[in-house]
Every structure is written in C-alpha cells, then in structure tokens.
Amino acid sequence: MRIIGLEMAKALRSPLVAGLLVVFTALNLFVMYGQTYQREELQVLSSLVSRFGHDMNGEGYERLSDYYKSELAAFNTIAEAKLGRTYDSAAEFAGSNPQLIDPARPFTDDEVELTQRLLVTERYVQAVPELREQYADMDMWEIAKGMLDIMTKPTSDEVDRIVYANYDKLEQRVIALREQGEHLHLFFQGVVHKLHSFLYKHILGLMLYQMMLLSVLITAQIMNYETDRNTHPLMYATRRGRRLQRDKLAAALLSSLLAAVVLLAVNLTAYFRLFDYSELWQVPISTGLMREFRFTPYIAWWPFRFAEYLGAVIGLALVLQLIFAGLAAWLAHYVRNSYFVCCMFLLLLGAGWVVITVTPPGSLLIFAAYANPFQLLWVPHGWFMMKNVFSTYPSYELVTVGSWLVIVAALLGLARRHFIRRDLR
Amino acid sequence: MRVIGYELRKLLHWKKLLIVGAIWLIIYQLFMSFYFEYFPNGSAVYEFDAAVEMVADYGPKLDDEALKQFVAAFEARQLVFAEQIKDDVRFREAGVTTYDEYVHHDSQLDQPSELRDYAQHSGGGAFRDLLGELYAKRYILERMESHTVDADWVRSLSAAQQQALQRIIEEQQYRTILPQQVMYYFQMTHKYTTAAILIGVVVLTLPIHIGDRRRGMLQVQYTSRLGRRLYWRKLSAALIGTAAWTTLALGVLFALLAQHDISMFMQGTLNSAMMAGNYWLNLTLAQYMVLAVGCTYVLAFSICLLTVWLSRMTESYPALIGMLVPLLFIVLTVGFNALLDRLLSLYDPWWRSGVGYVLLSLGALALAIGRGRREQRLDIRA
C-alpha cells in the first residue's frame, strides 16, 4: 500500500497535474460564463417549480395555468390602462410591440418585469399540451426508418432487422413513459435554453477529453518513470523486483481516477452554483421539456431522475478513465518512451473514431465498431438514451464499457507476462 | 551542415513519419473526405453548373452588357420551360403557364403544393433539371441585381466597413463569378490540412531538445567543438523539417483538390455576389489560395518555434505534452476561427487577422531566439 502511495506521488506531486487542473478549470469556467446570460429566465422556472411542483400531469398543470391566467389578467389591466387594449397572450403583445426594450416605454420597471415573467410562464404553459400531443404521436419505428433511409451507404436486411427490434424495445419504453407521464415534467425548456446538451455535451464532453489527457499523461509518467530516469535496472534488482509494475499500474489507475474526480467535483460544483438546479433534481431526465430539436427527444432507457442520471453519467465517465489509463499502461509496457506512448494513444483514439466510417454498415460488425470507448466521447449527452441507429439499445453503454474492460484487462495480462520475462536489455 | 543533416534524420525518423502520416489519414477520413466525395453537393450542383456556364459565356466578370445578355438567355430558358409544360395536364389544371407563375403559384413555403412535388419527381426528372437550372439562375440574378448598401444592418457597421461596402458596389466587385461552395471546398479542406500539418509539426519537433536532455547529453554537447551553437543547428533543422513536411502535406492537398475542376473560377473574386460574406480585400480565388498557403506556413513555423522553445524549457515528456495539447487545442479552435475561417472578413476589424499572425509569429520567434541567446551564457547545470 505504501508503495502505491509513493508511486502515485510521483505523478500527482508534479506541477503538471496541478497546472493542467487549473488550466482546464479556467477553460471550463470561461465556457460556463458564456451561458450565464440565461440565468434570470432560468430563475423564473425555478420559482414556478417551487410553487407548483414539476409534475404537470394533473393538478400541477391546472394550478400553473390558473396562475398564468391571473397574471395575464393583471397584465391586461395594465395594458388597458397604458395602451388602451388587451391581448390574448403575452407573445401577441411582445410580437407587435418592441416597447419592452424601448427606453421611452410607458411601463414602469416592475411592470416590465411582470411582463417578462409572464412571457416565460406562457411558454411553459403552452408547451405542456403541445408535448402531450407530440409524444402521443411519436412512433419509434418511423424514426428508425427515417434514419436508415438517409444513410449514404445502404444497410443489409440483417442489420435492419436488429435496428427495428431495438427500436421496438424503445417503443415499449416510450409507451411506459407515456403511461407514467414522465414527459410532462417542468424543466428548463430545451428548445430555448439547450441546457441538457450544454451541460452534458459541452461541459462534460470537454471534461471527458481533459480527463483522458490527464489519465494518459499520469499513466505514462508513472509507468515510464524508471526508464525515463534510467533507474529501471535498479528496480529489477530489488527484492520486490518487477512486481513493482503491478503497484505502478494500481497507482496509475488510482491517480487517474483521483485527478478525474477532482476535476469533476470542482467544475460541476461551479456549474451548479452558476446555474440553479435546486428545484429540479427529481425531474425525470426523459421529460419532453428537455428536448431541444423536434425529432431528437431525449428518451432514457430507464426512468432516471435528473440527479440519478447525473450520477450514472459521472460513473460511466470514471469507468472510461479506467479504460483509457489501462490502454495507456498497456502501451507503456511495450513502448518505453512516454512521448511515443502518447502518440500511440492518439492513434488509438483516431482509430476508434475512424472505425465506424470504414466498417460497411451492411455487416453486423457495424454494431461492434460503434461499441468502442472512443465513440462514447462523441455523445455524452446521449448516454443511456436513444441515439444513433447502431448504438440505440439498452445495454449499449454497459456492453461497450464491460467488453472493453475485459479487453484491457486481457491486454494488460499479456503485457505483464511479456514484461516479467523480458531480457534485462 | 552535417550536424543539421543528422538532426534532420532524427527529426524525420521513419517511425515518426508513420505516426504523422497516420494522423493525416485519420483527419482526412473523419473531416475531409466528405468535401471531396460530394462536390458539388446536392442541389448546389445547379448553381455550380450555371456558374460554369456563365464563366464560359461572359468571362470571370459580368459588365452591364454581359448582364443584359445573361438576362436575355435566362428568359429564353424560361420560354423553353413554358414550352415544356404547355401540354402537361397537371400544370394546366394549376393554371401555370410560365416559369414566373410556377414560382409564385403557391405562397405557403412550409406546405409546397402538389404541383411542386409532381414537377420534382415525374417524367424521369425532365422538369427537375430545368427547374433547378432556372432557380439557380434566378438566385444568381437576384444576388447580382439587388446589391445595395442601405439595408438596416449596414448602419450598425463602422465607418470603414461602410466605406468598404460602398466601394464594393461602386467598383462592381460583386459582379465576378465565384460560387460560395467552390470557396468552401478550398477553405474547409485547407483548414483541416492545416490542422493535420500543425499536429504533425508538434509530433515531429517535440523531442528535439528533451530527448538529448533525458539521456544526459547536454554536458557532452556543451564541451564539443560545436558547443552551445548546437541550439541554432537544431533550430534550423526543425525549421527545414517543418518546411518539408508542410510542403509535402500541402502538395497532397492540391493533388486532391485537382479531382474537381475549379480552374474556371480562379479569376472570380471574394466579393462576388454569389459568396455569402464580404471581404476587406477583393482577392481572386487564386490570390486567396496563395494567401492561405502563406498563412499555413506562418502557422506551421510559429508552432514549430514554440515547440522547440518548450522542448528546451521542460524536463519531462508528460509535462511538455501537457503544455502542448492545450496550446494546440486553443490554436485549432479559437485560433483557426479568427485566423483562417474569418480571414479578411469585412465583419471583423481589418487588422484583426493580420495582427493575430504578427503577434503569434513574432512572439514565437522572440521566445526561440531569446532562448538561443541565453543558451550561450547559461550555467552548465541548467
């Protein structure tokens, strides 16, 4: 145990890890600040949820629309007094009057605020019935067919059959979702704020690459520490001898995880302090309000709540770090130079991306091609959800991560055998 | 000279060249192959064909006389269409007898009439191709005729920008023929090639000093006859290697670009009405290509100098790579957006991309040269 700690210190006490953590956090904060202009509007929803709850399936929606009607009436009395007419909706008013932003407007600041709040409330009140209708019509088979039709290279019947079977399963999930009313929960409106893809794709997606770089560098540094400094013959001659490599591996995996946890903890804390999700932790992740584009709803395979989903995504991200660190450690067994380790890892990353473009979509291999850890990096906002035709099945993430953990373990086993018997040079 | 040769041999070691070549292939497959495979892309093929025809008929720039001829030819093609649909029942039922009537026969953009559907799909595409051609020409003509500077958005621009726009109108710079997608074809493939070049430069030059240092060679080198001047030899080797690699990659790019003939647009200029944006300089496509190639060299040499400098400053590979990856990330995202995508764009200040290149290259040069001078006076342990 003490040895593992000492090995970890070799990487973690170098200024590199601390420096990168600072640089990455600064970069992420910069990206996050780009969206803070939305905060006021987000606050309106939070206050709505705290008053009426986020479940819009029954009573909640009635209370929300009652509230909306009373606010609209309040607005109309103001409009009647100031403009001499009333409006059917706040949107109608905003569409025909630029007066809200005009400095010479006839309204007081309080009235402007009321109108702006009303505009936001109205969007949510109108969205719910629309979503109910759209989700009632949603046909997963159509979506699968549409996606298969626009592919530039044709798929074979065999592949199509599997895809349709998977989307049938998805259809079952959608039916259950509709019965539970999971789609009618208030959340920051996706079509306007796009916060799901912002958090998971832009922030967490960026952090996935940062964590990957950290784990590769840390692993390369720990595994090649002795050969970099020409102390490896000394290490071979000690009592522990080459078994030290096992401790080094454990140290590399643990330090990669540790660096990733620190990065995630700091940045996600910052994110949730900047954007207030306090009322929304219990909202189902598959809610229709999360949806950002008409034909790509976010439908999770399991009825996750927001907090549970975040936990699952973080868990998967950490397991990915283990795989990346393991691959780097495997390379480091054969390539003694950490520069070449990084180059080879870069090529592995590229190969993991390219493999789907060179696999013919007619063969069943296409499913295997998609099931590699580097593909997961593209769609962190779609983990555990419906996504590409070839990666939409409930066990996709688990199969990918599970099989690659096994592959990495096997590779490391082979590398160890090779290393133990290697000539002194 | 011999030392430079030895350094070059290390710099362009075959293993490293294999890695760099593989990175190039991956970038090609992921980001570039699309532009070569699908050109002209989709319905833009009609615009491309119309532009080719215009260059053949009127030369690279339309004067007033040529524009009149173009309008006349366009009207003649409309008559051909009218002739074609004369006997067609569906068109007669809809009351459409001319091209103009067809364009305006329904006003609902989101709900096209059944006639449109019919025209697109019936008769083996007989109508579709002619309609595509007519739509493309109508679009070109609209862009050429409606070039004005008194739109609302123009007023929010600076005085210099407004003057530049005024000049574009007065000198009829917009009358040249350069379809936007031809520009994209070059711009996008050039951008990704540059990305591959920069990554390659970093991979090739990264071990230049650090490798020696790791093997404890510094003391030996310092006491050799060449001594500390080795720094300059290494620097020249790195620059020569960078030049060779950049030239090779750009050569491959131009060989690939030759798959599709765009030579007729070489005289078309950036401010053509068929382009989406406006530019400070009204370069021809050929001039723009030369400029872009120059930009690639400046970027490649700057990144090379920075890498050499960092390689001399750091002690371990992980630390060096940890610095270079974020640096490359920033250059490839923010840097490319300002320095390549929006090069000369009229909607940015005119000096922006220029200052960006000057700052980057002079900064890198100052760091590398400054280090070389310090090298002479350095304590032997450092």
# chains A, B, ... in the order shown; residues from 1 in each chain; ligands from 1

call {"tool": "interface_residues", "arguments": {"of": "chain A", "to": "chain B", "cutoff": "8 Å", "atoms": "only C-alpha atoms", "output": "VMD selection string"}}
result
chain A and resid 16 20 213 217 to 218 220 to 221 228 to 229 338 to 339 343 to 344 347 350 to 351 353 to 354 357

call {"tool": "residues_around", "arguments": {"residues": "Arg242 (chain A)", "least_positions_apart": "3", "cutoff": "7 Å", "atoms": "only C-alpha atoms", "output": "list in words"}}
result
Tyr236, Gln245 and Ile420 of chain A

call {"tool": "write_last_selection", "arguments": {"atoms": "N, CA and C atoms", "output": "mmCIF file, in the first residue's frame"}}
result
data_model
loop_
_atom_site.group_PDB
_atom_site.id
_atom_site.type_symbol
_atom_site.label_atom_id
_atom_site.label_comp_id
_atom_site.auth_asym_id
_atom_site.auth_seq_id
_atom_site.Cartn_x
_atom_site.Cartn_y
_atom_site.Cartn_z
ATOM 1 N N TYR A 236 14.733 -3.563 -11.015
ATOM 2 C CA TYR A 236 14.690 -5.007 -11.286
ATOM 3 C C TYR A 236 15.449 -5.786 -10.213
ATOM 4 N N GLN A 245 5.826 -3.311 -11.074
ATOM 5 C CA GLN A 245 4.997 -2.844 -12.179
ATOM 6 C C GLN A 245 3.511 -2.950 -11.829
ATOM 7 N N ILE A 420 7.476 -9.491 -17.453
ATOM 8 C CA ILE A 420 8.154 -10.291 -16.416
ATOM 9 C C ILE A 420 9.320 -11.068 -17.015
#

call {"tool": "residues_around", "arguments": {"residues": "region 259-272 of chain A", "least_positions_apart": "5", "cutoff": "10 Å", "atoms": "only C-alpha atoms", "output": "VMD selection string"}}
result
chain A and resid 12 17 to 18 20 to 22 24 to 26 28 to 29 32 to 33 199 203 to 204 207 to 208 210 to 212 214 to 215 218 254 277 to 278 314 317 to 318 321

call {"tool": "write_last_selection", "arguments": {"atoms": "N, CA and C atoms", "output": "mmCIF file, in the first residue's frame"}}
result
data_model
loop_
_atom_site.group_PDB
_atom_site.id
_atom_site.type_symbol
_atom_site.label_atom_id
_atom_site.label_comp_id
_atom_site.auth_asym_id
_atom_site.auth_seq_id
_atom_site.Cartn_x
_atom_site.Cartn_y
_atom_site.Cartn_z
ATOM 1 N N LEU A 12 1.302 12.779 -9.035
ATOM 2 C CA LEU A 12 0.405 13.813 -8.513
ATOM 3 C C LEU A 12 1.164 14.991 -7.938
ATOM 4 N N VAL A 17 0.153 17.993 -13.110
ATOM 5 C CA VAL A 17 -1.252 17.681 -12.845
ATOM 6 C C VAL A 17 -1.968 18.895 -12.275
ATOM 7 N N ALA A 18 -1.341 19.539 -11.299
ATOM 8 C CA ALA A 18 -1.971 20.724 -10.706
ATOM 9 C C ALA A 18 -2.150 21.810 -11.771
ATOM 10 N N LEU A 20 -2.399 21.502 -15.056
ATOM 11 C CA LEU A 20 -3.453 21.178 -16.016
ATOM 12 C C LEU A 20 -4.832 21.343 -15.390
ATOM 13 N N LEU A 21 -4.969 20.926 -14.115
ATOM 14 C CA LEU A 21 -6.275 21.074 -13.460
ATOM 15 C C LEU A 21 -6.680 22.548 -13.430
ATOM 16 N N VAL A 22 -5.725 23.421 -13.150
ATOM 17 C CA VAL A 22 -6.043 24.848 -13.103
ATOM 18 C C VAL A 22 -6.416 25.355 -14.496
ATOM 19 N N PHE A 24 -7.524 23.692 -17.106
ATOM 20 C CA PHE A 24 -8.800 23.127 -17.560
ATOM 21 C C PHE A 24 -9.971 23.793 -16.845
ATOM 22 N N THR A 25 -9.830 24.001 -15.527
ATOM 23 C CA THR A 25 -10.926 24.620 -14.794
ATOM 24 C C THR A 25 -11.170 26.034 -15.317
ATOM 25 N N ALA A 26 -10.081 26.755 -15.589
ATOM 26 C CA ALA A 26 -10.241 28.112 -16.123
ATOM 27 C C ALA A 26 -10.982 28.066 -17.458
ATOM 28 N N ASN A 28 -13.034 25.729 -18.573
ATOM 29 C CA ASN A 28 -14.430 25.339 -18.388
ATOM 30 C C ASN A 28 -15.259 26.475 -17.813
ATOM 31 N N LEU A 29 -14.669 27.205 -16.868
ATOM 32 C CA LEU A 29 -15.404 28.340 -16.293
ATOM 33 C C LEU A 29 -15.683 29.375 -17.371
ATOM 34 N N MET A 32 -18.569 28.160 -19.265
ATOM 35 C CA MET A 32 -19.802 28.278 -18.486
ATOM 36 C C MET A 32 -20.287 29.720 -18.445
ATOM 37 N N TYR A 33 -19.358 30.676 -18.265
ATOM 38 C CA TYR A 33 -19.773 32.067 -18.171
ATOM 39 C C TYR A 33 -20.439 32.537 -19.456
ATOM 40 N N LEU A 199 -24.749 21.213 -20.659
ATOM 41 C CA LEU A 199 -24.084 20.566 -19.523
ATOM 42 C C LEU A 199 -23.370 19.296 -19.947
ATOM 43 N N ILE A 203 -19.904 20.916 -21.568
ATOM 44 C CA ILE A 203 -19.084 20.970 -20.351
ATOM 45 C C ILE A 203 -18.500 19.590 -20.049
ATOM 46 N N LEU A 204 -19.389 18.596 -19.876
ATOM 47 C CA LEU A 204 -18.877 17.266 -19.535
ATOM 48 C C LEU A 204 -18.113 16.652 -20.695
ATOM 49 N N MET A 207 -14.787 18.009 -20.605
ATOM 50 C CA MET A 207 -14.059 17.445 -19.468
ATOM 51 C C MET A 207 -13.637 16.004 -19.719
ATOM 52 N N LEU A 208 -14.415 15.281 -20.532
ATOM 53 C CA LEU A 208 -14.030 13.906 -20.848
ATOM 54 C C LEU A 208 -12.660 13.882 -21.522
ATOM 55 N N GLN A 210 -10.411 16.283 -21.299
ATOM 56 C CA GLN A 210 -9.415 16.745 -20.334
ATOM 57 C C GLN A 210 -9.019 15.612 -19.396
ATOM 58 N N MET A 211 -10.021 14.849 -18.940
ATOM 59 C CA MET A 211 -9.719 13.730 -18.049
ATOM 60 C C MET A 211 -8.900 12.682 -18.778
ATOM 61 N N MET A 212 -9.216 12.475 -20.076
ATOM 62 C CA MET A 212 -8.478 11.491 -20.854
ATOM 63 C C MET A 212 -7.010 11.904 -20.952
ATOM 64 N N LEU A 214 -5.377 13.831 -18.921
ATOM 65 C CA LEU A 214 -4.776 13.682 -17.594
ATOM 66 C C LEU A 214 -4.415 12.228 -17.334
ATOM 67 N N SER A 215 -5.354 11.305 -17.631
ATOM 68 C CA SER A 215 -5.062 9.918 -17.264
ATOM 69 C C SER A 215 -3.952 9.341 -18.135
ATOM 70 N N ILE A 218 -0.653 10.960 -16.780
ATOM 71 C CA ILE A 218 -0.316 10.415 -15.456
ATOM 72 C C ILE A 218 0.184 8.985 -15.596
ATOM 73 N N LEU A 254 -5.396 4.542 -9.942
ATOM 74 C CA LEU A 254 -5.941 5.323 -8.832
ATOM 75 C C LEU A 254 -5.710 6.820 -9.047
ATOM 76 N N TYR A 277 -30.114 24.456 -10.060
ATOM 77 C CA TYR A 277 -30.934 23.289 -10.360
ATOM 78 C C TYR A 277 -31.647 22.786 -9.109
ATOM 79 N N SER A 278 -31.614 23.566 -8.023
ATOM 80 C CA SER A 278 -32.010 23.005 -6.730
ATOM 81 C C SER A 278 -33.425 22.433 -6.736
ATOM 82 N N ILE A 314 -21.617 10.364 -14.510
ATOM 83 C CA ILE A 314 -20.309 10.532 -13.863
ATOM 84 C C ILE A 314 -19.656 9.166 -13.654
ATOM 85 N N ALA A 317 -18.294 7.995 -16.867
ATOM 86 C CA ALA A 317 -17.103 8.786 -17.223
ATOM 87 C C ALA A 317 -15.879 8.283 -16.457
ATOM 88 N N LEU A 318 -16.089 7.940 -15.198
ATOM 89 C CA LEU A 318 -14.948 7.464 -14.402
ATOM 90 C C LEU A 318 -14.480 6.099 -14.884
ATOM 91 N N GLN A 321 -12.303 6.478 -17.742
ATOM 92 C CA GLN A 321 -10.928 6.858 -17.375
ATOM 93 C C GLN A 321 -10.097 5.620 -17.077
#

call {"tool": "select_by_dssp", "arguments": {"residues": "region 128-344 of chain A", "states": "alpha helix (DSSP H)", "output": "JSON, numbers by chain"}}
result
{"A": [128, 129, 130, 131, 132, 133, 134, 135, 136, 137, 140, 141, 142, 143, 144, 145, 146, 147, 148, 149, 157, 158, 159, 160, 161, 162, 163, 164, 165, 166, 167, 168, 169, 170, 171, 172, 173, 174, 175, 176, 177, 178, 179, 180, 190, 191, 192, 193, 195, 196, 197, 204, 205, 206, 207, 208, 209, 210, 211, 212, 213, 214, 215, 216, 217, 218, 219, 220, 221, 222, 223, 225, 226, 227, 228, 232, 233, 234, 235, 236, 237, 244, 245, 246, 247, 248, 249, 250, 251, 252, 253, 254, 255, 256, 257, 258, 259, 260, 261, 262, 263, 264, 265, 266, 267, 268, 269, 270, 271, 272, 273, 274, 306, 307, 308, 309, 310, 311, 312, 313, 314, 315, 316, 317, 318, 319, 320, 321, 322, 323, 324, 325, 326, 327, 328, 329, 330, 331, 332, 333, 334, 338, 339, 340, 341, 342, 343, 344]}

call {"tool": "closest_residue", "arguments": {"among": "A:Val125, A:Leu414, A:Val216, A:Val389", "to": "Leu349 (chain A)", "atoms": "only C-alpha atoms"}}
result
A:Val216

call {"tool": "residues_around", "arguments": {"residues": "Pro60 (chain B)", "least_positions_apart": "3", "cutoff": "8 Å", "atoms": "only C-alpha atoms", "output": "PDB file with C-alpha atoms, in the first residue's frame"}}
result
ATOM      1  CA  VAL B  55     -17.809  31.971 -66.950  1.00  0.00           C
ATOM      2  CA  THR B 176     -17.493  38.439 -60.556  1.00  0.00           C
ATOM      3  CA  ILE B 177     -18.396  34.780 -60.542  1.00  0.00           C
ATOM      4  CA  MET B 264     -12.525  28.447 -64.311  1.00  0.00           C
ATOM      5  CA  PHE B 265     -13.236  30.291 -61.047  1.00  0.00           C
ATOM      6  CA  GLN B 267     -10.382  34.803 -61.577  1.00  0.00           C
ATOM      7  CA  GLY B 268     -13.570  35.062 -59.515  1.00  0.00           C
TER       8      GLY B 268
END

call {"tool": "residues_around", "arguments": {"residues": "Ser255 (chain A)", "least_positions_apart": "2", "cutoff": "10 Å", "atoms": "only C-alpha atoms", "output": "ChimeraX atom specification"}}
result
/A:4-5,7-12,214-215,218-219,222,249-253,257-261,325

call {"tool": "write_last_selection", "arguments": {"atoms": "N, CA and C atoms", "output": "PDB file, in the first residue's frame"}}
result
ATOM      1  N   ILE A   4       2.294   1.913  -3.373  1.00  0.00           N
ATOM      2  CA  ILE A   4       1.317   2.511  -4.295  1.00  0.00           C
ATOM      3  C   ILE A   4       1.212   4.010  -4.036  1.00  0.00           C
ATOM      4  N   GLY A   5       1.141   4.382  -2.770  1.00  0.00           N
ATOM      5  CA  GLY A   5       1.059   5.796  -2.425  1.00  0.00           C
ATOM      6  C   GLY A   5       2.265   6.556  -2.935  1.00  0.00           C
ATOM      7  N   GLU A   7       4.229   5.736  -5.427  1.00  0.00           N
ATOM      8  CA  GLU A   7       4.191   5.812  -6.890  1.00  0.00           C
ATOM      9  C   GLU A   7       3.211   6.881  -7.346  1.00  0.00           C
ATOM     10  N   MET A   8       2.046   6.937  -6.651  1.00  0.00           N
ATOM     11  CA  MET A   8       1.062   7.962  -7.022  1.00  0.00           C
ATOM     12  C   MET A   8       1.651   9.351  -6.854  1.00  0.00           C
ATOM     13  N   ALA A   9       2.433   9.497  -5.802  1.00  0.00           N
ATOM     14  CA  ALA A   9       3.004  10.819  -5.535  1.00  0.00           C
ATOM     15  C   ALA A   9       3.894  11.268  -6.692  1.00  0.00           C
ATOM     16  N   LYS A  10       4.545  10.305  -7.374  1.00  0.00           N
ATOM     17  CA  LYS A  10       5.434  10.667  -8.480  1.00  0.00           C
ATOM     18  C   LYS A  10       4.693  11.478  -9.536  1.00  0.00           C
ATOM     19  N   ALA A  11       3.436  11.104  -9.778  1.00  0.00           N
ATOM     20  CA  ALA A  11       2.679  11.845 -10.783  1.00  0.00           C
ATOM     21  C   ALA A  11       1.969  13.033 -10.157  1.00  0.00           C
ATOM     22  N   LEU A  12       1.302  12.779  -9.035  1.00  0.00           N
ATOM     23  CA  LEU A  12       0.405  13.813  -8.513  1.00  0.00           C
ATOM     24  C   LEU A  12       1.164  14.991  -7.938  1.00  0.00           C
ATOM     25  N   LEU A 214      -5.377  13.831 -18.921  1.00  0.00           N
ATOM     26  CA  LEU A 214      -4.776  13.682 -17.594  1.00  0.00           C
ATOM     27  C   LEU A 214      -4.415  12.228 -17.334  1.00  0.00           C
ATOM     28  N   SER A 215      -5.354  11.305 -17.631  1.00  0.00           N
ATOM     29  CA  SER A 215      -5.062   9.918 -17.264  1.00  0.00           C
ATOM     30  C   SER A 215      -3.952   9.341 -18.135  1.00  0.00           C
ATOM     31  N   ILE A 218      -0.653  10.960 -16.780  1.00  0.00           N
ATOM     32  CA  ILE A 218      -0.316  10.415 -15.456  1.00  0.00           C
ATOM     33  C   ILE A 218       0.184   8.985 -15.596  1.00  0.00           C
ATOM     34  N   THR A 219      -0.545   8.189 -16.395  1.00  0.00           N
ATOM     35  CA  THR A 219      -0.160   6.792 -16.561  1.00  0.00           C
ATOM     36  C   THR A 219       1.210   6.680 -17.210  1.00  0.00           C
ATOM     37  N   ILE A 222       3.883   7.613 -14.643  1.00  0.00           N
ATOM     38  CA  ILE A 222       4.156   6.624 -13.587  1.00  0.00           C
ATOM     39  C   ILE A 222       4.789   5.363 -14.168  1.00  0.00           C
ATOM     40  N   LEU A 249       0.843   0.032 -11.858  1.00  0.00           N
ATOM     41  CA  LEU A 249      -0.443   0.020 -12.560  1.00  0.00           C
ATOM     42  C   LEU A 249      -1.546   0.491 -11.625  1.00  0.00           C
ATOM     43  N   ALA A 250      -1.583  -0.082 -10.420  1.00  0.00           N
ATOM     44  CA  ALA A 250      -2.612   0.331  -9.459  1.00  0.00           C
ATOM     45  C   ALA A 250      -2.501   1.824  -9.182  1.00  0.00           C
ATOM     46  N   ALA A 251      -1.258   2.287  -9.029  1.00  0.00           N
ATOM     47  CA  ALA A 251      -1.063   3.715  -8.740  1.00  0.00           C
ATOM     48  C   ALA A 251      -1.557   4.560  -9.900  1.00  0.00           C
ATOM     49  N   ALA A 252      -1.265   4.114 -11.138  1.00  0.00           N
ATOM     50  CA  ALA A 252      -1.691   4.883 -12.311  1.00  0.00           C
ATOM     51  C   ALA A 252      -3.214   4.959 -12.376  1.00  0.00           C
ATOM     52  N   LEU A 253      -3.877   3.806 -12.183  1.00  0.00           N
ATOM     53  CA  LEU A 253      -5.342   3.808 -12.254  1.00  0.00           C
ATOM     54  C   LEU A 253      -5.925   4.688 -11.157  1.00  0.00           C
ATOM     55  N   LEU A 257      -8.066   8.213 -11.631  1.00  0.00           N
ATOM     56  CA  LEU A 257      -9.399   8.402 -11.055  1.00  0.00           C
ATOM     57  C   LEU A 257      -9.429   9.619 -10.152  1.00  0.00           C
ATOM     58  N   LEU A 258      -8.389   9.749  -9.348  1.00  0.00           N
ATOM     59  CA  LEU A 258      -8.350  10.851  -8.399  1.00  0.00           C
ATOM     60  C   LEU A 258      -8.369  12.192  -9.128  1.00  0.00           C
ATOM     61  N   ALA A 259      -7.519  12.310 -10.168  1.00  0.00           N
ATOM     62  CA  ALA A 259      -7.476  13.564 -10.930  1.00  0.00           C
ATOM     63  C   ALA A 259      -8.840  13.837 -11.557  1.00  0.00           C
ATOM     64  N   ALA A 260      -9.462  12.770 -12.112  1.00  0.00           N
ATOM     65  CA  ALA A 260     -10.771  12.951 -12.745  1.00  0.00           C
ATOM     66  C   ALA A 260     -11.804  13.391 -11.721  1.00  0.00           C
ATOM     67  N   VAL A 261     -11.781  12.777 -10.539  1.00  0.00           N
ATOM     68  CA  VAL A 261     -12.765  13.137  -9.516  1.00  0.00           C
ATOM     69  C   VAL A 261     -12.588  14.590  -9.098  1.00  0.00           C
ATOM     70  N   ALA A 325      -6.745   4.835 -19.031  1.00  0.00           N
ATOM     71  CA  ALA A 325      -5.494   4.664 -18.287  1.00  0.00           C
ATOM     72  C   ALA A 325      -4.944   3.264 -18.515  1.00  0.00           C
TER      73      ALA A 325
END

call {"tool": "residues_around", "arguments": {"residues": "Leu291 (chain B)", "least_positions_apart": "6", "cutoff": "12 Å", "atoms": "only C-alpha atoms", "output": "ChimeraX atom specification"}}
result
/B:187,190,281,283-285,297-298,339-340,343-344,354

call {"tool": "select_by_dssp", "arguments": {"residues": "region 155-331 of chain A", "states": "strand (DSSP E or B)", "output": "list of chain:residue names"}}
result
A:His185, A:Pro284, A:Phe293, A:Thr296, A:Ala300, A:Arg305

call {"tool": "residues_around", "arguments": {"residues": "region 292-294 of chain A", "least_positions_apart": "2", "cutoff": "6 Å", "atoms": "only C-alpha atoms", "output": "PyMOL selection string"}}
result
chain A and resi 190-191+194+296

call {"tool": "closest_atom_pairs", "arguments": {"of": "region 306-370 of chain A", "to": "region 141-162 of chain A", "cutoff": "9 Å", "atoms": "only C-alpha atoms", "output": "CSV"}}
result
residue,atom,partner,partner_atom,distance
A:Pro360,CA,A:Lys153,CA,7.7
A:Pro361,CA,A:Thr155,CA,5.2
A:Gly362,CA,A:Thr155,CA,4.2
A:Ser363,CA,A:Val159,CA,6.9
A:Leu364,CA,A:Val159,CA,6.1
A:Ile366,CA,A:Val159,CA,8.6
A:Phe367,CA,A:Val159,CA,8.8

call {"tool": "write_last_selection", "arguments": {"atoms": "N, CA and C atoms", "output": "tab-separated table (two decimals), in the first residue's frame"}}
result
chain	number	residue	atom	x	y	z
A	360	PRO	N	-18.36	-1.44	-43.27
A	360	PRO	CA	-19.58	-1.35	-44.10
A	360	PRO	C	-20.82	-1.52	-43.22
A	361	PRO	N	-21.78	-0.61	-43.34
A	361	PRO	CA	-22.97	-0.70	-42.48
A	361	PRO	C	-23.84	-1.90	-42.80
A	362	GLY	N	-23.51	-2.63	-43.87
A	362	GLY	CA	-24.30	-3.81	-44.17
A	362	GLY	C	-23.94	-5.01	-43.30
A	363	SER	N	-22.75	-4.99	-42.72
A	363	SER	CA	-22.36	-6.17	-41.93
A	363	SER	C	-22.65	-5.94	-40.46
A	364	LEU	N	-22.80	-7.03	-39.73
A	364	LEU	CA	-23.13	-6.93	-38.32
A	364	LEU	C	-21.98	-6.30	-37.53
A	366	ILE	N	-20.80	-3.59	-37.78
A	366	ILE	CA	-21.01	-2.18	-37.52
A	366	ILE	C	-21.41	-1.94	-36.06
A	367	PHE	N	-22.15	-2.90	-35.48
A	367	PHE	CA	-22.53	-2.73	-34.06
A	367	PHE	C	-21.30	-2.81	-33.17

call {"tool": "closest_residue", "arguments": {"among": "A:Val406, A:Leu274, A:Ala74, A:Val355", "to": "Gln38 (chain A)", "atoms": "only C-alpha atoms"}}
result
A:Leu274

call {"tool": "atom_distance", "arguments": {"atom1": "CA of Ala79 (chain A)", "atom2": "CA of Glu122 (chain A)"}}
result
16.8 Å

call {"tool": "closest_residue", "arguments": {"among": "B:Ala255, B:Ile199, B:Met275, B:Leu12", "to": "Leu346 (chain A)", "atoms": "only C-alpha atoms"}}
result
B:Ile199

call {"tool": "atom_distance", "arguments": {"atom1": "CA of Ser345 (chain B)", "atom2": "CA of Tyr279 (chain B)"}}
result
4.5 Å

call {"tool": "atom_distance", "arguments": {"atom1": "CA of Leu235 (chain B)", "atom2": "CA of Leu198 (chain B)"}}
result
16.8 Å

call {"tool": "closest_residue", "arguments": {"among": "A:Glu92, A:Val379, A:Glu397, A:Met386", "to": "Lys201 (chain A)", "atoms": "only C-alpha atoms"}}
result
A:Val379
